[in-house]
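*Asks:* One file: query.pdb (PDB, C-alpha atoms and all ligand atoms).
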ATOM      1  CA  MET A 214       8.389 -11.834  -8.384  1.00  0.00           C
ATOM      2  CA  LEU A 215       7.314  -8.533  -9.942  1.00  0.00           C
ATOM      3  CA  GLN A 216      10.246  -6.523 -11.234  1.00  0.00           C
ATOM      4  CA  GLY A 217      10.165  -2.810 -11.992  1.00  0.00           C
ATOM      5  CA  GLU A 218      13.025  -0.476 -12.872  1.00  0.00           C
ATOM      6  CA  ARG A 219      13.996   0.155  -9.253  1.00  0.00           C
ATOM      7  CA  VAL A 220      11.392  -1.693  -7.252  1.00  0.00           C
ATOM      8  CA  THR A 221      10.868  -5.422  -6.735  1.00  0.00           C
ATOM      9  CA  LEU A 222       7.695  -6.904  -5.273  1.00  0.00           C
ATOM     10  CA  ARG A 223       8.147 -10.345  -3.712  1.00  0.00           C
ATOM     11  CA  GLY A 224       6.679 -12.484  -0.958  1.00  0.00           C
ATOM     12  CA  ILE A 225       7.219 -11.446   2.667  1.00  0.00           C
ATOM     13  CA  THR A 226       9.631 -13.673   4.596  1.00  0.00           C
ATOM     14  CA  ARG A 227      10.236 -14.206   8.308  1.00  0.00           C
ATOM     15  CA  ASP A 228      13.528 -12.282   7.958  1.00  0.00           C
ATOM     16  CA  ASP A 229      11.523  -9.176   6.993  1.00  0.00           C
ATOM     17  CA  LEU A 230       9.678  -9.135  10.315  1.00  0.00           C
ATOM     18  CA  PRO A 231      12.128  -7.102  12.460  1.00  0.00           C
ATOM     19  CA  ARG A 232      12.054  -4.240   9.944  1.00  0.00           C
ATOM     20  CA  LEU A 233       8.298  -4.592   9.474  1.00  0.00           C
ATOM     21  CA  TRP A 234       7.919  -4.427  13.249  1.00  0.00           C
ATOM     22  CA  ALA A 235       9.935  -1.173  13.314  1.00  0.00           C
ATOM     23  CA  PHE A 236       7.736   0.269  10.540  1.00  0.00           C
ATOM     24  CA  ASN A 237       4.546  -0.794  12.335  1.00  0.00           C
ATOM     25  CA  ASN A 238       5.705   1.008  15.467  1.00  0.00           C
ATOM     26  CA  ASP A 239       6.642   4.243  13.660  1.00  0.00           C
ATOM     27  CA  LEU A 240       3.854   6.709  14.465  1.00  0.00           C
ATOM     28  CA  ALA A 241       4.353   8.783  11.295  1.00  0.00           C
ATOM     29  CA  VAL A 242       4.004   5.673   9.129  1.00  0.00           C
ATOM     30  CA  GLU A 243       0.988   4.462  11.082  1.00  0.00           C
ATOM     31  CA  LEU A 244      -0.817   7.810  10.884  1.00  0.00           C
ATOM     32  CA  ALA A 245      -0.204   8.115   7.148  1.00  0.00           C
ATOM     33  CA  GLY A 246      -1.170   4.491   6.566  1.00  0.00           C
ATOM     34  CA  GLY A 247      -4.673   5.256   7.705  1.00  0.00           C
ATOM     35  CA  GLY A 248      -5.670   1.828   8.968  1.00  0.00           C
ATOM     36  CA  ASP A 249      -6.473   1.089  12.572  1.00  0.00           C
ATOM     37  CA  PRO A 250      -5.635   3.649  15.277  1.00  0.00           C
ATOM     38  CA  PRO A 251      -1.928   3.420  16.188  1.00  0.00           C
ATOM     39  CA  ILE A 252      -1.404   0.602  18.683  1.00  0.00           C
ATOM     40  CA  PRO A 253       2.005  -0.704  19.807  1.00  0.00           C
ATOM     41  CA  GLN A 254       2.914  -4.097  18.436  1.00  0.00           C
ATOM     42  CA  ALA A 255       5.346  -6.656  19.847  1.00  0.00           C
ATOM     43  CA  LEU A 256       7.800  -8.364  17.505  1.00  0.00           C
ATOM     44  CA  GLU A 257       6.860 -11.673  19.127  1.00  0.00           C
ATOM     45  CA  ARG A 258       3.218 -11.092  18.191  1.00  0.00           C
ATOM     46  CA  LEU A 259       4.168 -10.333  14.589  1.00  0.00           C
ATOM     47  CA  ARG A 260       6.271 -13.508  14.445  1.00  0.00           C
ATOM     48  CA  ALA A 261       3.511 -15.566  16.041  1.00  0.00           C
ATOM     49  CA  GLU A 262       0.954 -14.257  13.513  1.00  0.00           C
ATOM     50  CA  PHE A 263       3.344 -15.043  10.660  1.00  0.00           C
ATOM     51  CA  ASP A 264       4.021 -18.563  11.967  1.00  0.00           C
ATOM     52  CA  ARG A 265       0.303 -19.230  12.534  1.00  0.00           C
ATOM     53  CA  ASP A 266      -0.466 -18.068   9.022  1.00  0.00           C
ATOM     54  CA  VAL A 267       2.222 -20.303   7.487  1.00  0.00           C
ATOM     55  CA  ALA A 268       1.159 -23.290   9.627  1.00  0.00           C
ATOM     56  CA  GLY A 269      -2.406 -22.814   8.393  1.00  0.00           C
ATOM     57  CA  GLY A 270      -1.290 -23.952   4.947  1.00  0.00           C
ATOM     58  CA  GLY A 271      -2.768 -22.773   1.667  1.00  0.00           C
ATOM     59  CA  ARG A 272      -1.167 -20.110  -0.463  1.00  0.00           C
ATOM     60  CA  ASP A 273       0.013 -16.625   0.401  1.00  0.00           C
ATOM     61  CA  GLY A 274      -2.426 -13.842  -0.454  1.00  0.00           C
ATOM     62  CA  ALA A 275      -1.661 -11.041  -2.898  1.00  0.00           C
ATOM     63  CA  ARG A 276       0.591  -9.377  -0.343  1.00  0.00           C
ATOM     64  CA  PHE A 277       4.079  -8.267  -1.333  1.00  0.00           C
ATOM     65  CA  ALA A 278       7.263  -7.004   0.249  1.00  0.00           C
ATOM     66  CA  ILE A 279       8.600  -3.863  -1.445  1.00  0.00           C
ATOM     67  CA  GLU A 280      12.312  -4.175  -2.067  1.00  0.00           C
ATOM     68  CA  VAL A 281      14.648  -1.385  -3.227  1.00  0.00           C
ATOM     69  CA  ASP A 282      18.378  -2.046  -3.748  1.00  0.00           C
ATOM     70  CA  GLY A 283      17.951  -5.419  -2.067  1.00  0.00           C
ATOM     71  CA  ARG A 284      16.427  -3.838   1.056  1.00  0.00           C
ATOM     72  CA  PHE A 285      12.960  -4.469   2.435  1.00  0.00           C
ATOM     73  CA  VAL A 286      11.364  -1.003   2.670  1.00  0.00           C
ATOM     74  CA  GLY A 287       7.647  -1.692   3.042  1.00  0.00           C
ATOM     75  CA  GLN A 288       4.702  -3.741   1.917  1.00  0.00           C
ATOM     76  CA  CYS A 289       1.767  -3.514  -0.454  1.00  0.00           C
ATOM     77  CA  GLY A 290      -0.934  -5.744  -1.796  1.00  0.00           C
ATOM     78  CA  LEU A 291      -4.445  -6.413  -2.954  1.00  0.00           C
ATOM     79  CA  ALA A 292      -7.193  -7.331  -0.501  1.00  0.00           C
ATOM     80  CA  ALA A 293     -10.951  -7.901  -0.749  1.00  0.00           C
ATOM     81  CA  ILE A 294     -10.541  -9.588  -4.130  1.00  0.00           C
ATOM     82  CA  GLU A 295     -14.057 -10.139  -5.495  1.00  0.00           C
ATOM     83  CA  GLU A 296     -14.151 -12.906  -8.092  1.00  0.00           C
ATOM     84  CA  THR A 297     -17.636 -11.981  -9.350  1.00  0.00           C
ATOM     85  CA  HIS A 298     -17.135  -8.226  -9.624  1.00  0.00           C
ATOM     86  CA  ARG A 299     -13.433  -8.625 -10.479  1.00  0.00           C
ATOM     87  CA  THR A 300     -12.444  -5.869  -8.059  1.00  0.00           C
ATOM     88  CA  ALA A 301      -9.788  -5.533  -5.383  1.00  0.00           C
ATOM     89  CA  MET A 302      -8.697  -3.001  -2.793  1.00  0.00           C
ATOM     90  CA  LEU A 303      -5.103  -1.776  -2.925  1.00  0.00           C
ATOM     91  CA  GLY A 304      -3.008  -1.017   0.141  1.00  0.00           C
ATOM     92  CA  ILE A 305       0.577   0.206   0.424  1.00  0.00           C
ATOM     93  CA  ALA A 306       2.916   1.397   3.162  1.00  0.00           C
ATOM     94  CA  ILE A 307       6.550   2.239   2.596  1.00  0.00           C
ATOM     95  CA  GLY A 308       7.815   2.098   6.166  1.00  0.00           C
ATOM     96  CA  ASP A 309      11.347   3.341   5.526  1.00  0.00           C
ATOM     97  CA  ARG A 310      10.813   7.100   5.599  1.00  0.00           C
ATOM     98  CA  GLU A 311      14.116   7.691   3.775  1.00  0.00           C
ATOM     99  CA  CYS A 312      12.360   6.161   0.788  1.00  0.00           C
ATOM    100  CA  TRP A 313       9.379   8.516   0.703  1.00  0.00           C
ATOM    101  CA  GLY A 314       8.996  10.922  -2.203  1.00  0.00           C
ATOM    102  CA  ARG A 315      11.478   9.184  -4.501  1.00  0.00           C
ATOM    103  CA  GLY A 316       9.006   7.613  -6.876  1.00  0.00           C
ATOM    104  CA  TYR A 317       9.193   4.127  -5.340  1.00  0.00           C
ATOM    105  CA  GLY A 318       5.562   4.268  -4.238  1.00  0.00           C
ATOM    106  CA  ARG A 319       4.166   4.981  -7.654  1.00  0.00           C
ATOM    107  CA  GLU A 320       6.395   2.312  -9.180  1.00  0.00           C
ATOM    108  CA  ALA A 321       5.123  -0.230  -6.645  1.00  0.00           C
ATOM    109  CA  VAL A 322       1.520   0.835  -7.343  1.00  0.00           C
ATOM    110  CA  ARG A 323       2.052   0.449 -11.095  1.00  0.00           C
ATOM    111  CA  LEU A 324       3.528  -3.016 -10.592  1.00  0.00           C
ATOM    112  CA  LEU A 325       0.519  -3.936  -8.466  1.00  0.00           C
ATOM    113  CA  LEU A 326      -1.913  -2.625 -11.084  1.00  0.00           C
ATOM    114  CA  ASP A 327      -0.116  -4.595 -13.787  1.00  0.00           C
ATOM    115  CA  TYR A 328      -0.390  -7.645 -11.532  1.00  0.00           C
ATOM    116  CA  ALA A 329      -4.088  -6.960 -10.901  1.00  0.00           C
ATOM    117  CA  PHE A 330      -5.121  -6.311 -14.506  1.00  0.00           C
ATOM    118  CA  ARG A 331      -2.746  -8.459 -16.563  1.00  0.00           C
ATOM    119  CA  LEU A 332      -1.986 -11.378 -14.277  1.00  0.00           C
ATOM    120  CA  ARG A 333      -5.173 -11.619 -12.181  1.00  0.00           C
ATOM    121  CA  ASN A 334      -7.660 -10.402 -14.810  1.00  0.00           C
ATOM    122  CA  LEU A 335      -9.208  -7.906 -12.418  1.00  0.00           C
ATOM    123  CA  ARG A 336     -11.276  -5.040 -13.788  1.00  0.00           C
ATOM    124  CA  ARG A 337     -11.232  -2.392 -11.093  1.00  0.00           C
ATOM    125  CA  VAL A 338      -8.870  -1.528  -8.254  1.00  0.00           C
ATOM    126  CA  TRP A 339      -9.899   0.882  -5.519  1.00  0.00           C
ATOM    127  CA  LEU A 340      -8.615   2.268  -2.222  1.00  0.00           C
ATOM    128  CA  TRP A 341      -9.290   4.583   0.686  1.00  0.00           C
ATOM    129  CA  VAL A 342      -6.883   7.386   1.592  1.00  0.00           C
ATOM    130  CA  HIS A 343      -7.003  10.204   4.143  1.00  0.00           C
ATOM    131  CA  ALA A 344      -7.655  13.536   2.419  1.00  0.00           C
ATOM    132  CA  ASP A 345      -4.627  15.095   4.127  1.00  0.00           C
ATOM    133  CA  ASN A 346      -2.228  12.455   2.720  1.00  0.00           C
ATOM    134  CA  ALA A 347      -1.124  14.603  -0.231  1.00  0.00           C
ATOM    135  CA  ARG A 348       1.902  12.454  -1.001  1.00  0.00           C
ATOM    136  CA  ALA A 349      -0.151   9.295  -1.345  1.00  0.00           C
ATOM    137  CA  ILE A 350      -2.877  11.013  -3.392  1.00  0.00           C
ATOM    138  CA  ALA A 351      -0.249  12.412  -5.796  1.00  0.00           C
ATOM    139  CA  ALA A 352       1.326   8.966  -6.174  1.00  0.00           C
ATOM    140  CA  TYR A 353      -2.089   7.364  -6.821  1.00  0.00           C
ATOM    141  CA  ARG A 354      -3.095  10.021  -9.364  1.00  0.00           C
ATOM    142  CA  ALA A 355       0.207   9.518 -11.176  1.00  0.00           C
ATOM    143  CA  SER A 356      -0.682   5.813 -11.411  1.00  0.00           C
ATOM    144  CA  GLY A 357      -4.102   6.428 -12.986  1.00  0.00           C
ATOM    145  CA  PHE A 358      -6.398   6.585  -9.938  1.00  0.00           C
ATOM    146  CA  VAL A 359      -9.152   9.210  -9.851  1.00  0.00           C
ATOM    147  CA  GLU A 360     -11.162  10.424  -6.899  1.00  0.00           C
ATOM    148  CA  GLU A 361     -14.579   8.736  -6.865  1.00  0.00           C
ATOM    149  CA  GLY A 362     -16.048  10.062  -3.661  1.00  0.00           C
ATOM    150  CA  ARG A 363     -15.395  11.114  -0.114  1.00  0.00           C
ATOM    151  CA  LEU A 364     -16.833  10.552   3.324  1.00  0.00           C
ATOM    152  CA  ARG A 365     -16.652  13.890   5.092  1.00  0.00           C
ATOM    153  CA  GLU A 366     -14.819  13.985   8.433  1.00  0.00           C
ATOM    154  CA  HIS A 367     -15.029  10.219   8.526  1.00  0.00           C
ATOM    155  CA  VAL A 368     -11.707   9.521  10.253  1.00  0.00           C
ATOM    156  CA  TRP A 369     -10.242  10.647  13.563  1.00  0.00           C
ATOM    157  CA  SER A 370      -6.544  11.085  12.841  1.00  0.00           C
ATOM    158  CA  ASN A 371      -3.864  12.786  14.872  1.00  0.00           C
ATOM    159  CA  GLY A 372      -6.201  15.039  16.869  1.00  0.00           C
ATOM    160  CA  ARG A 373      -8.782  15.957  14.222  1.00  0.00           C
ATOM    161  CA  TYR A 374     -11.349  14.591  11.816  1.00  0.00           C
ATOM    162  CA  VAL A 375     -10.311  14.234   8.180  1.00  0.00           C
ATOM    163  CA  ASP A 376     -12.214  13.197   5.072  1.00  0.00           C
ATOM    164  CA  ALA A 377     -11.802   9.655   3.759  1.00  0.00           C
ATOM    165  CA  VAL A 378     -11.291   9.768  -0.013  1.00  0.00           C
ATOM    166  CA  GLN A 379     -12.154   6.833  -2.222  1.00  0.00           C
ATOM    167  CA  MET A 380     -10.111   6.483  -5.409  1.00  0.00           C
ATOM    168  CA  GLY A 381     -10.322   3.909  -8.166  1.00  0.00           C
ATOM    169  CA  VAL A 382      -8.948   2.907 -11.541  1.00  0.00           C
ATOM    170  CA  LEU A 383     -10.611   0.759 -14.206  1.00  0.00           C
ATOM    171  CA  ARG A 384      -8.580  -1.538 -16.412  1.00  0.00           C
ATOM    172  CA  ALA A 385      -9.986   0.177 -19.505  1.00  0.00           C
ATOM    173  CA  GLU A 386      -8.631   3.568 -18.438  1.00  0.00           C
ATOM    174  CA  TRP A 387      -5.386   2.367 -16.933  1.00  0.00           C
ATOM    175  CA  PRO A 388      -2.425   3.959 -18.763  1.00  0.00           C
ATOM    176  CA  GLY A 389      -0.598   0.609 -18.804  1.00  0.00           C
ATOM    177  CA  ALA A 390      -3.471  -1.238 -20.560  1.00  0.00           C
TER     178      ALA A 390
HETATM  179  C1  LIG B 401       2.063   6.889   0.062  1.00  0.00           C
HETATM  180  C2  LIG B 401       3.368   6.294  -0.452  1.00  0.00           C
HETATM  181  C3  LIG B 401       3.134   4.846  -0.873  1.00  0.00           C
HETATM  182  C4  LIG B 401       3.790   7.093  -1.702  1.00  0.00           C
HETATM  183  O1  LIG B 401       4.999   6.587  -2.151  1.00  0.00           O
HETATM  184  P1  LIG B 401       6.226   7.594  -2.421  1.00  0.00           P
HETATM  185  O2  LIG B 401       7.327   6.798  -3.002  1.00  0.00           O
HETATM  186  O3  LIG B 401       6.510   8.346  -1.164  1.00  0.00           O
HETATM  187  O4  LIG B 401       5.549   8.563  -3.492  1.00  0.00           O
HETATM  188  P2  LIG B 401       6.108   9.028  -4.917  1.00  0.00           P
HETATM  189  O5  LIG B 401       7.504   9.547  -4.760  1.00  0.00           O
HETATM  190  O6  LIG B 401       5.878   7.967  -5.918  1.00  0.00           O
HETATM  191  O7  LIG B 401       5.110  10.223  -5.250  1.00  0.00           O
HETATM  192  C5  LIG B 401       4.926  11.225  -4.271  1.00  0.00           C
HETATM  193  C6  LIG B 401       4.227  12.427  -4.880  1.00  0.00           C
HETATM  194  O8  LIG B 401       3.874  13.270  -3.811  1.00  0.00           O
HETATM  195  C7  LIG B 401       4.610  14.493  -3.906  1.00  0.00           C
HETATM  196  N1  LIG B 401       5.073  14.756  -2.557  1.00  0.00           N
HETATM  197  C8  LIG B 401       6.200  14.354  -1.949  1.00  0.00           C
HETATM  198  N2  LIG B 401       6.241  14.819  -0.688  1.00  0.00           N
HETATM  199  C9  LIG B 401       5.098  15.474  -0.472  1.00  0.00           C
HETATM  200  C10 LIG B 401       4.541  16.130   0.635  1.00  0.00           C
HETATM  201  N3  LIG B 401       5.187  16.205   1.802  1.00  0.00           N
HETATM  202  N4  LIG B 401       3.332  16.690   0.486  1.00  0.00           N
HETATM  203  C11 LIG B 401       2.685  16.617  -0.685  1.00  0.00           C
HETATM  204  N5  LIG B 401       3.142  15.999  -1.777  1.00  0.00           N
HETATM  205  C12 LIG B 401       4.349  15.430  -1.664  1.00  0.00           C
HETATM  206  C13 LIG B 401       5.746  14.244  -4.861  1.00  0.00           C
HETATM  207  O9  LIG B 401       6.111  15.449  -5.497  1.00  0.00           O
HETATM  208  C14 LIG B 401       5.098  13.241  -5.802  1.00  0.00           C
HETATM  209  O10 LIG B 401       4.178  13.839  -6.684  1.00  0.00           O
HETATM  210  P3  LIG B 401       4.575  14.407  -8.136  1.00  0.00           P
HETATM  211  O11 LIG B 401       5.392  13.385  -8.814  1.00  0.00           O
HETATM  212  O12 LIG B 401       3.248  14.660  -8.784  1.00  0.00           O
HETATM  213  O13 LIG B 401       5.368  15.634  -7.890  1.00  0.00           O
HETATM  214  C15 LIG B 401       4.497   6.354   0.638  1.00  0.00           C
HETATM  215  O14 LIG B 401       4.869   7.698   0.862  1.00  0.00           O
HETATM  216  C16 LIG B 401       4.055   5.711   1.944  1.00  0.00           C
HETATM  217  O15 LIG B 401       3.959   4.500   2.029  1.00  0.00           O
HETATM  218  N6  LIG B 401       3.777   6.537   2.977  1.00  0.00           N
HETATM  219  C17 LIG B 401       3.414   6.046   4.304  1.00  0.00           C
HETATM  220  C18 LIG B 401       2.143   5.208   4.355  1.00  0.00           C
HETATM  221  C19 LIG B 401       1.033   5.760   3.502  1.00  0.00           C
HETATM  222  O16 LIG B 401       0.788   6.939   3.429  1.00  0.00           O
HETATM  223  N7  LIG B 401       0.316   4.833   2.839  1.00  0.00           N
HETATM  224  C20 LIG B 401      -0.817   5.155   2.007  1.00  0.00           C
HETATM  225  C21 LIG B 401      -2.062   4.958   2.762  1.00  0.00           C
HETATM  226  S1  LIG B 401      -3.508   5.199   1.752  1.00  0.00           S
END
Could you take the file, read its structure, and then write that structure out as structure tokens?
*Replies:*
Amino acid sequence: MLQGERVTLRGITRDDLPRLWAFNNDLAVELAGGGDPPIPQALERLRAEFDRDVAGGGRDGARFAIEVDGRFVGQCGLAAIEETHRTAMLGIAIGDRECWGRGYGREAVRLLLDYAFRLRNLRRVWLWVHADNARAIAAYRASGFVEEGRLREHVWSNGRYVDAVQMGVLRAEWPGA
């Protein structure tokens, strides 16, 4: 649906689930992702959640599969879309570790920002990232995000407390505007 130079963002399909399941059970990906504490996940549960979601009807949310060279390598999307404030929270996880540090992340983030600002008429996109996730912070900075604040030692991650950094980008200051 959204086409970059090397990265495509499209809807997630049921065929993506076995690879998504492997990503969700990769501790390094889970720790970097910074969401809930790592918890094992069954493929059956992932499939059941997908099927329940589809059976519920309605439209898919702003959640995308990240595809590189025709391969599903991770997911990204916008959540907490606020129609009044015109804001959304960005999330991304490239689960295929072979694909880290090759510029795919920043390309996916730029595609998402273009989607947010140009196609969804949003005004501000923001996110939380662990302060020790230097790769993610570099990719976000390269896409126009700036640090807006931090909660000190807010997160227990991998045996220690780390700061939670909030970053954001306004449409007016976005390089692609
Ligand atoms: C975070 C993520 C989306 C970034 O995508 P990516 O394709 O790996 O990142 P990019 O190649 O676009 O950019 C990485 C930047 O970090 C730098 N970098 C790469 N490896 C690094 C490392 N080990 N430590 C610090 N910086 C590193 C690169 O040099 C590059 O910055 P530069 O262009 O200024 O030199 C991806 O790595 C990922 O999904 N990781 C796992 C989950 C995660 O961390 N999600 C984010 C949660 S907030």
*Asks:* Select, from A:Arg260, A:Arg299, A:Arg319, A:Arg310, the residue with the minimum atom-to-atom distance to Ala351 of chain A, counting all atoms listed in the file.
*Replies:* A:Arg319
*Asks:* Ligand LIG 401 (chain B): which residues are within 8 Å, counting all atoms listed in the file? Reply as an MDAnalysis selection string.
*Replies:* chainID A and resid 241:248 287 304:308 310 312:322 340:343 346:355
*Asks:* Take the point (7.2, -11.7, 15.4) in the file's coordinates, draw a sphere of radius 12 Å around it, and report as a ChimeraX atom specification every protein, DNA or RNA residue with an atom inside or on it, counting only C-alpha atoms.
*Replies:* /A:226-235,237,254-266
*Asks:* What would the selection look like, as a ChimeraX atom specification, if the PyMOL selection byres (((chain A and resi 283) around 12) and not hetatm) were run on the coordinates I just shared?
*Replies:* /A:219-223,229,278-282,284-286
*Asks:* Check which residues satisfy the PyMOL selection byres (((chain A and resi 368) around 10) and not hetatm) in the file shown, then give them as an NGL selection string.
*Replies:* :A and (247-248 or 250 or 343-344 or 364-367 or 369-371 or 373-377)
*Asks:* So which one's closest to Ser356 of chain A, A:Arg323, A:Asn334, A:Glu311, A:Glu386? Using all atoms listed in the file, please.
*Replies:* A:Arg323
*Asks:* Please, what distance in Å, to one decimal, runs between atom CA of Asp273 of chain A and atom CA of Asp327 of chain A?
*Replies:*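 Here the two named atoms are 18.6 Å from each other.
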*Asks:* To one decimal place, how far is atom CA of Trp387 of chain A from atom CA of Leu291 of chain A in Å?
*Replies:* 16.5 Å
*Asks:* Please determine an axis-aligned box that encloses all atoms of segment 339-350 of chain A listed in the file, with 6 Å added on each side, and express its centre and edge lengths in Å to one decimal as lines of an AutoDock Vina configuration file.
*Replies:*
center_x = -4.0
center_y = 8.0
center_z = -0.7
size_x = 23.8
size_y = 26.2
size_z = 21.7
*Asks:* Please report the interatomic distance between atom CA of Val378 of chain A and atom CA of Gly362 of chain A in Å with one decimal.
*Replies:* 6.0 Å
*Asks:* Ranking A:Ala385, A:Leu335, A:Leu325, A:Met380 by minimum distance to Glu296 of chain A and counting only C-alpha atoms, which one comes first?
*Replies:*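 Ranked by minimum distance to Glu296 of chain A, first place goes to A:Leu335.
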*Asks:* Between A:Gly290, A:Pro253, A:Pro388, A:Gly372, which has the minimum distance to Met302 of chain A (counting all atoms listed in the file)?
*Replies:* A:Gly290
*Asks:* Return the single residue from A:Gly357, A:Leu303, A:Arg363, A:Asp309 that is closest to Val338 of chain A, with distances computed using all atoms listed in the file.
*Replies:*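 Of A:Gly357, A:Leu303, A:Arg363, A:Asp309, the one nearest Val338 of chain A, counting all atoms listed in the file, is A:Leu303.
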